[in-house]
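Asker: So that you have it, the file is target.cif, and it contains mmCIF, C-alpha atoms (C1' of nucleotides):
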```
data_structure
loop_
_atom_site.label_atom_id
_atom_site.label_comp_id
_atom_site.auth_asym_id
_atom_site.auth_seq_id
_atom_site.Cartn_x
_atom_site.Cartn_y
_atom_site.Cartn_z
CA MET A 1 12.52 29.70 -68.04
CA ARG A 2 11.44 27.16 -65.45
CA ILE A 3 11.15 23.53 -66.58
CA THR A 4 9.61 21.12 -64.07
CA THR A 5 9.40 17.33 -64.16
CA TRP A 6 6.86 15.39 -62.14
CA ASN A 7 5.71 11.78 -62.04
CA VAL A 8 2.09 12.32 -60.98
CA ASN A 9 1.08 8.63 -60.65
CA SER A 10 -2.33 9.08 -62.35
CA LEU A 11 -3.24 12.45 -63.85
CA ARG A 12 -6.92 11.69 -63.22
CA VAL A 13 -6.28 11.61 -59.48
CA ARG A 14 -3.61 14.30 -59.42
CA LEU A 15 -5.16 16.98 -61.68
CA PRO A 16 -5.96 19.26 -58.68
CA HIS A 17 -2.36 18.87 -57.50
CA VAL A 18 -1.03 19.82 -60.94
CA LEU A 19 -3.22 22.94 -61.09
CA ARG A 20 -2.20 23.98 -57.57
CA PHE A 21 1.48 23.41 -58.32
CA ALA A 22 1.23 25.41 -61.55
CA GLU A 23 -0.25 28.33 -59.67
CA GLU A 24 2.19 28.25 -56.74
CA GLN A 25 5.45 27.52 -58.60
CA ALA A 26 4.70 28.94 -62.06
CA PRO A 27 6.62 26.50 -64.27
CA ASP A 28 6.84 27.61 -67.91
CA VAL A 29 7.11 24.00 -69.03
CA LEU A 30 5.71 21.14 -66.95
CA CYS A 31 6.72 17.62 -67.97
CA LEU A 32 4.51 14.91 -66.53
CA GLN A 33 4.95 11.15 -66.32
CA GLU A 34 2.71 8.22 -65.39
CA LEU A 35 -0.52 9.79 -66.62
CA LYS A 36 -2.16 6.35 -66.46
CA LEU A 37 -4.92 7.38 -68.83
CA SER A 38 -5.82 6.84 -72.47
CA GLN A 39 -5.19 9.48 -75.13
CA ASP A 40 -8.84 10.64 -75.16
CA ALA A 41 -9.15 10.81 -71.36
CA PHE A 42 -6.59 13.62 -71.05
CA PRO A 43 -8.04 16.63 -69.16
CA GLU A 44 -7.30 18.99 -72.03
CA GLU A 45 -9.72 21.81 -71.21
CA GLU A 46 -8.69 22.19 -67.59
CA LEU A 47 -4.98 22.29 -68.48
CA ARG A 48 -5.35 24.46 -71.59
CA ALA A 49 -6.53 27.32 -69.36
CA VAL A 50 -3.09 27.45 -67.71
CA PHE A 51 -0.86 25.94 -70.40
CA PRO A 52 -1.91 26.97 -73.92
CA HIS A 53 0.52 24.54 -75.52
CA LEU A 54 -0.15 20.88 -74.73
CA GLU A 55 1.26 17.65 -76.03
CA TRP A 56 0.55 14.26 -74.56
CA TRP A 57 0.96 10.59 -75.31
CA GLY A 58 -1.55 8.58 -73.34
CA GLN A 59 -1.95 4.86 -72.83
CA PRO A 60 -4.60 3.00 -70.81
CA THR A 61 -3.56 1.96 -67.29
CA TYR A 62 0.20 2.37 -67.62
CA ASN A 63 2.82 4.96 -68.54
CA GLY A 64 1.79 8.13 -70.38
CA VAL A 65 3.77 11.37 -70.71
CA ALA A 66 2.84 15.00 -71.33
CA ILE A 67 4.45 18.39 -71.90
CA LEU A 68 2.38 21.34 -70.66
CA SER A 69 3.78 24.67 -71.76
CA LYS A 70 3.24 28.41 -71.74
CA LEU A 71 5.66 28.66 -74.68
CA PRO A 72 5.04 27.18 -78.13
CA LEU A 73 6.18 23.60 -78.73
CA GLU A 74 7.79 22.70 -82.04
CA ASP A 75 9.01 19.51 -83.68
CA VAL A 76 7.21 17.26 -81.19
CA ARG A 77 8.22 13.59 -81.36
CA ARG A 78 6.97 10.41 -79.73
CA GLY A 79 9.47 7.74 -78.75
CA PHE A 80 13.08 7.41 -79.84
CA ALA A 81 14.13 7.78 -83.47
CA GLY A 82 14.81 4.42 -85.11
CA TRP A 83 13.21 2.28 -82.39
CA LYS A 84 9.62 1.11 -82.42
CA ASP A 85 8.19 0.87 -78.91
CA ASP A 86 4.49 0.98 -78.03
CA GLU A 87 5.01 2.10 -74.44
CA ALA A 88 4.15 5.78 -73.97
CA ARG A 89 7.33 6.91 -72.26
CA VAL A 90 8.98 9.52 -74.46
CA LEU A 91 8.04 12.96 -75.74
CA SER A 92 10.57 15.41 -77.12
CA CYS A 93 10.25 18.86 -78.60
CA LEU A 94 11.85 22.22 -79.21
CA VAL A 95 10.74 24.83 -76.65
CA GLY A 96 12.17 28.21 -75.72
CA GLY A 97 15.29 27.47 -77.74
CA VAL A 98 16.10 24.15 -76.06
CA ARG A 99 15.75 20.59 -77.31
CA LEU A 100 13.75 18.97 -74.51
CA TRP A 101 13.03 15.33 -73.63
CA CYS A 102 10.26 14.33 -71.20
CA LEU A 103 11.02 10.77 -70.12
CA TYR A 104 9.52 7.96 -68.12
CA THR A 105 12.28 5.38 -67.88
CA PRO A 106 11.09 1.80 -67.25
CA ASN A 107 11.21 0.79 -63.61
CA GLY A 108 12.88 -2.55 -64.26
CA GLN A 109 10.90 -4.45 -61.60
CA ALA A 110 13.79 -6.56 -60.28
CA VAL A 111 17.42 -7.05 -61.23
CA GLY A 112 17.85 -9.67 -63.96
CA THR A 113 14.18 -9.87 -65.03
CA PRO A 114 13.04 -9.25 -68.64
CA LYS A 115 11.81 -5.81 -67.53
CA PHE A 116 15.25 -5.03 -66.17
CA LEU A 117 16.79 -5.90 -69.54
CA TYR A 118 14.17 -3.75 -71.28
CA LYS A 119 15.19 -0.86 -69.04
CA LEU A 120 18.86 -1.19 -70.01
CA GLU A 121 17.93 -1.52 -73.69
CA TRP A 122 15.66 1.55 -73.40
CA LEU A 123 18.46 3.67 -71.93
CA GLY A 124 20.69 2.53 -74.81
CA HIS A 125 18.13 3.83 -77.28
CA LEU A 126 17.94 7.13 -75.39
CA ARG A 127 21.66 7.54 -75.98
CA GLU A 128 21.17 6.80 -79.69
CA ASP A 129 18.39 9.39 -79.83
CA LEU A 130 20.76 11.97 -78.31
CA ASP A 131 23.47 11.02 -80.77
CA ARG A 132 21.38 12.54 -83.58
CA PHE A 133 22.35 15.95 -82.16
CA GLU A 134 25.73 17.65 -82.02
CA THR A 135 27.38 18.18 -78.65
CA GLY A 136 26.81 21.93 -78.82
CA THR A 137 23.01 21.56 -79.00
CA ASP A 138 21.07 23.15 -76.12
CA VAL A 139 19.79 19.84 -74.76
CA VAL A 140 17.67 19.42 -71.63
CA VAL A 141 16.61 15.91 -70.56
CA VAL A 142 14.13 15.62 -67.71
CA GLY A 143 11.95 12.93 -66.23
CA ASP A 144 11.50 10.01 -63.93
CA MET A 145 14.75 8.26 -64.82
CA ASN A 146 14.23 5.46 -62.30
CA VAL A 147 17.94 5.43 -61.49
CA ALA A 148 19.64 6.88 -58.41
CA PRO A 149 23.05 7.83 -59.85
CA ASP A 150 25.05 7.89 -56.61
CA ASP A 151 24.89 6.43 -53.12
CA LEU A 152 24.15 9.97 -51.90
CA ASP A 153 20.86 9.59 -53.77
CA LEU A 154 19.76 6.72 -51.50
CA TRP A 155 18.35 6.78 -47.98
CA ASP A 156 20.34 3.64 -47.09
CA PRO A 157 23.15 2.64 -49.48
CA PHE A 158 23.92 -0.49 -47.46
CA LYS A 159 20.39 -1.84 -47.39
CA LEU A 160 19.82 -0.99 -51.07
CA ASP A 161 23.21 -2.12 -52.38
CA GLY A 162 22.87 -3.93 -55.72
CA GLN A 163 19.10 -3.59 -55.84
CA ILE A 164 16.77 -2.17 -58.46
CA LEU A 165 17.12 1.59 -59.16
CA CYS A 166 20.77 1.65 -58.06
CA HIS A 167 22.27 -1.51 -59.57
CA PRO A 168 25.65 -0.98 -61.29
CA ASP A 169 24.18 -2.00 -64.67
CA GLU A 170 21.51 0.72 -64.43
CA ARG A 171 24.00 3.30 -63.26
CA GLY A 172 26.29 2.32 -66.12
CA ALA A 173 23.50 2.63 -68.69
CA LEU A 174 22.57 6.05 -67.31
CA GLN A 175 26.23 7.11 -67.34
CA ARG A 176 26.44 6.24 -71.04
CA VAL A 177 23.49 8.57 -71.59
CA LEU A 178 25.24 11.33 -69.63
CA ASP A 179 28.43 10.68 -71.58
CA TRP A 180 26.72 12.22 -74.60
CA GLY A 181 27.68 15.46 -72.82
CA LEU A 182 25.07 15.96 -70.12
CA LEU A 183 25.48 17.07 -66.52
CA ASP A 184 23.28 16.75 -63.46
CA PRO A 185 23.07 20.38 -62.30
CA PHE A 186 21.46 19.40 -58.98
CA ARG A 187 24.56 17.39 -58.07
CA GLU A 188 26.92 20.00 -59.55
CA LYS A 189 25.42 22.68 -57.32
CA ASN A 190 24.87 20.47 -54.25
CA PRO A 191 27.82 18.05 -54.18
CA TYR A 192 27.01 16.63 -50.74
CA ALA A 193 23.21 16.90 -50.69
CA ASN A 194 21.40 13.78 -49.51
CA GLU A 195 18.00 14.72 -50.96
CA PHE A 196 15.33 12.59 -52.58
CA SER A 197 12.54 12.96 -55.13
CA TRP A 198 10.60 9.76 -54.40
CA TRP A 199 9.43 8.19 -51.16
CA ASP A 200 7.64 4.85 -50.78
CA TYR A 201 3.95 5.00 -49.89
CA GLN A 202 4.60 1.99 -47.68
CA LYS A 203 6.25 1.75 -44.30
CA MET A 204 5.93 5.49 -43.59
CA GLY A 205 8.53 6.18 -46.28
CA PHE A 206 8.05 9.94 -46.41
CA GLN A 207 7.69 10.43 -42.66
CA ARG A 208 10.94 8.53 -42.10
CA ASN A 209 12.60 10.15 -45.14
CA HIS A 210 13.26 6.77 -46.71
CA GLY A 211 13.61 8.02 -50.26
CA LEU A 212 15.59 7.98 -53.48
CA ARG A 213 16.60 10.67 -55.97
CA ILE A 214 15.44 9.21 -59.27
CA ASP A 215 13.76 12.23 -60.92
CA HIS A 216 16.30 14.32 -62.80
CA THR A 217 16.92 17.43 -64.86
CA PHE A 218 20.01 16.90 -67.02
CA VAL A 219 21.47 19.66 -69.19
CA ALA A 220 24.12 19.88 -71.89
CA ARG A 221 27.48 20.73 -70.29
CA HIS A 222 27.73 24.17 -71.81
CA LEU A 223 24.36 25.13 -70.28
CA LEU A 224 25.58 24.74 -66.69
CA PRO A 225 26.40 28.48 -66.32
CA SER A 226 22.80 29.19 -67.41
CA VAL A 227 21.30 27.09 -64.61
CA GLY A 228 19.98 29.29 -61.81
CA ALA A 229 18.79 26.58 -59.43
CA VAL A 230 17.45 23.07 -59.26
CA THR A 231 14.65 22.69 -56.72
CA ILE A 232 13.13 19.49 -55.38
CA HIS A 233 9.65 20.49 -54.20
CA ARG A 234 9.68 18.16 -51.22
CA ASP A 235 6.66 19.84 -49.59
CA VAL A 236 4.41 18.67 -52.44
CA ARG A 237 5.00 15.07 -51.33
CA GLY A 238 3.40 16.10 -48.03
CA TRP A 239 0.15 17.36 -49.61
CA ASP A 240 -3.07 15.39 -49.14
CA ASN A 241 -3.31 12.29 -51.33
CA PRO A 242 0.03 12.94 -53.02
CA SER A 243 1.96 11.28 -55.82
CA ASP A 244 4.87 9.27 -54.41
CA HIS A 245 7.18 11.58 -56.44
CA ALA A 246 7.98 15.24 -55.78
CA PRO A 247 8.26 17.70 -58.68
CA VAL A 248 11.77 18.88 -59.59
CA SER A 249 12.31 22.30 -61.18
CA LEU A 250 15.17 23.52 -63.34
CA ASP A 251 15.55 27.30 -63.63
CA LEU A 252 17.37 28.33 -66.79
CA LYS A 253 18.56 31.90 -67.22
CA ARG A 254 17.78 32.63 -70.82
"C1'" DA B 255 9.32 -14.90 -46.30
"C1'" DT B 256 5.64 -11.50 -47.00
"C1'" DG B 257 2.78 -7.55 -46.60
"C1'" DC B 258 3.00 -3.16 -45.63
"C1'" DC B 259 0.56 1.74 -49.95
"C1'" DA B 260 -1.78 3.41 -54.12
"C1'" DA B 261 -3.89 3.10 -58.67
"C1'" DA B 262 -6.15 0.70 -62.52
"C1'" DC B 263 -9.06 -2.76 -64.17
"C1'" DT B 264 -13.98 -5.39 -63.91
"C1'" DG B 265 -12.62 -7.20 -59.66
"C1'" DC B 266 -15.01 -8.89 -55.26
"C1'" DG B 267 -8.58 -10.13 -56.45
"C1'" DT B 268 -4.46 -9.27 -59.44
"C1'" DT B 269 -0.75 -6.62 -61.43
"C1'" DT B 270 2.40 -2.96 -61.35
"C1'" DG B 271 5.07 0.46 -59.52
"C1'" DA B 272 9.90 1.94 -57.07
#
```
Could you take the file, read its structure, and then write that structure out as structure tokens?
Answerer:
Amino acid sequence: MRITTWNVNSLRVRLPHVLRFAEEQAPDVLCLQELKLSQDAFPEEELRAVFPHLEWWGQPTYNGVAILSKLPLEDVRRGFAGWKDDEARVLSCLVGGVRLWCLYTPNGQAVGTPKFLYKLEWLGHLREDLDRFETGTDVVVVGDMNVAPDDLDLWDPFKLDGQILCHPDERGALQRVLDWGLLDPFREKNPYANEFSWWDYQKMGFQRNHGLRIDHTFVARHLLPSVGAVTIHRDVRGWDNPSDHAPVSLDLKR
DNA sequence: ATGCCAAACTGCGTTTGA
């Protein structure tokens, strides 16, 4: 089973990219973030032809998440249990025997701002949502996490030191999520890789490889032997009129 | 110190993203 996460930065604009990616890379489950469209503007017909099982949570202008699947989706939930939040950032479900989260973590804007505090609070509620499940559960958490966990996930750790997306508070909040019992199989399999999943549109970010690794596929510890590969589809960032994020695929042997 | 890019909204510029 291949599970892919991709922040598309407007599904309206990126629908052709999604269809092309689905054909070329054949994900079984495609988790999308930043749809930037309302619930009724979702391109259901076009996607249903490729992915019979669709769930989405739209919102005008901002946010929006979707799970497109070739396998049936069960027990679909919006948001985190026990926390009311109107921002469309969280979908979770049961698919192919795994408990899956599709997440769009708040960006945080700038360190110390109200949005930064919301981001930390949000990650705290993610941990609480995970805590509803026992450690042995087959959990997979994917999405635009908006945190680069390690300096290896940054194009310039000195220039970016202490800034948004890699501030110690964000890394700490993400670590508390991982402490539920999750691993980052990309890092496990590529301990020294200096690869990125997002590159700034500005200042020739992609051409100069000025990027960050902020899109992740986390799995419950015991699933690590089942992980075949984690692939960052860097080439997709080089397509015409691309999203600023590349898709990331998790291949699970099961 | 700021815009540099891209997208959405109703706009003829502003806000947000990362």
Asker: Atom CA of A:Val65 and atom CA of A:Thr137, how far apart in Å?
Answerer: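 Taking atom CA of A:Thr137 as the start and atom CA of A:Val65 as the end point, the length is 23.3 Å.
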Asker: Please check the contacts: residues of chain A at most 8 Å away from chain B, using only C-alpha atoms (C1' of nucleotides), listed as number ranges by chain.
Answerer: A: 9-10, 36, 61, 107, 109, 146, 165, 200-203
Asker: Go through the shown structure with the PyMOL selection byres ((chain A and resi 174) around 12) and write out the matching residues as a PyMOL selection string.
Answerer: chain A and resi 105+119-127+141+145-150+165-173+175-180+182-184+214+216+218
Asker: What's the separation between atom CA of A:Lys253 and atom CA of A:Trp101, in Å to one decimal place?
Answerer: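 Result for atom CA of A:Lys253 versus atom CA of A:Trp101: 18.6 Å, one decimal.
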Asker: Using Å and a single decimal, report how far atom CA of A:His17 sits from atom CA of A:Leu54.
Answerer: 17.5 Å
Asker: Evaluating the PyMOL selection byres ((chain A and resi 21) around 12) on the displayed file yields which residues, as a ChimeraX atom specification?
Answerer: /A:4-6,8,14-20,22-28,30,50,233,235-237,239,242,246-249
Asker: Give me the result of the PyMOL selection byres ((chain A and resi 76-89) around 6) on this file, residue by residue, as a list in words.
Answerer: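 For this structure, the PyMOL selection byres ((chain A and resi 76-89) around 6) captures Trp57, Asn63, Gly64, Val65, Glu74, Asp75, Val90, Leu91, Ser92, Cys93, Leu103, Tyr104 and Asp129 of chain A.
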Asker: Any idea what's packed within 10 Å of A:Tyr192, counting only C-alpha atoms (C1' of nucleotides), ignoring anything in its chain fewer than 3 positions away? Could you give it as a list in words?
Answerer: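 Selected residues are Leu152, Asp153, Arg187, Glu188, Lys189 and Glu195 of chain A.
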Asker: Determine, counting all atoms listed in the file, which protein, DNA and RNA residues have an atom within 6 Å of an atom of A:Ser197; residues of the same chain fewer than 6 positions away are not included. Present the result as a tab-separated table (two decimals) with C-alpha atoms, keeping the file's coordinate frame.
Answerer:
```
chain	number	residue	atom	x	y	z
A	213	ARG	CA	16.60	10.67	-55.97
A	215	ASP	CA	13.76	12.23	-60.92
A	245	HIS	CA	7.18	11.58	-56.44
A	246	ALA	CA	7.98	15.24	-55.78
```
Asker: Is it possible to dump chain B as a compact mmCIF listing (two decimals), in the first residue's frame, including just C-alpha atoms (C1' of nucleotides)?
Answerer:
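Writing the result to decode-v2.txt gives the following:
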```txt
# COMPACT_ATOMS: atom_id res chain seq x y z
C1' DA B 255 14.64 47.12 6.14
C1' DT B 256 11.86 45.18 2.39
C1' DG B 257 10.46 42.79 -1.64
C1' DC B 258 11.41 39.07 -4.01
C1' DC B 259 6.55 34.32 -5.60
C1' DA B 260 1.85 32.45 -5.73
C1' DA B 261 -3.04 32.16 -4.59
C1' DA B 262 -7.49 33.98 -3.00
C1' DC B 263 -10.63 37.61 -2.57
C1' DT B 264 -13.48 41.76 -4.99
C1' DG B 265 -9.32 44.12 -5.52
C1' DC B 266 -7.34 47.73 -8.85
C1' DG B 267 -4.33 46.24 -3.10
C1' DT B 268 -4.13 43.16 1.05
C1' DT B 269 -3.38 38.93 3.53
C1' DT B 270 -1.34 34.58 4.05
C1' DG B 271 1.78 31.12 3.38
C1' DA B 272 6.71 28.81 4.78
```
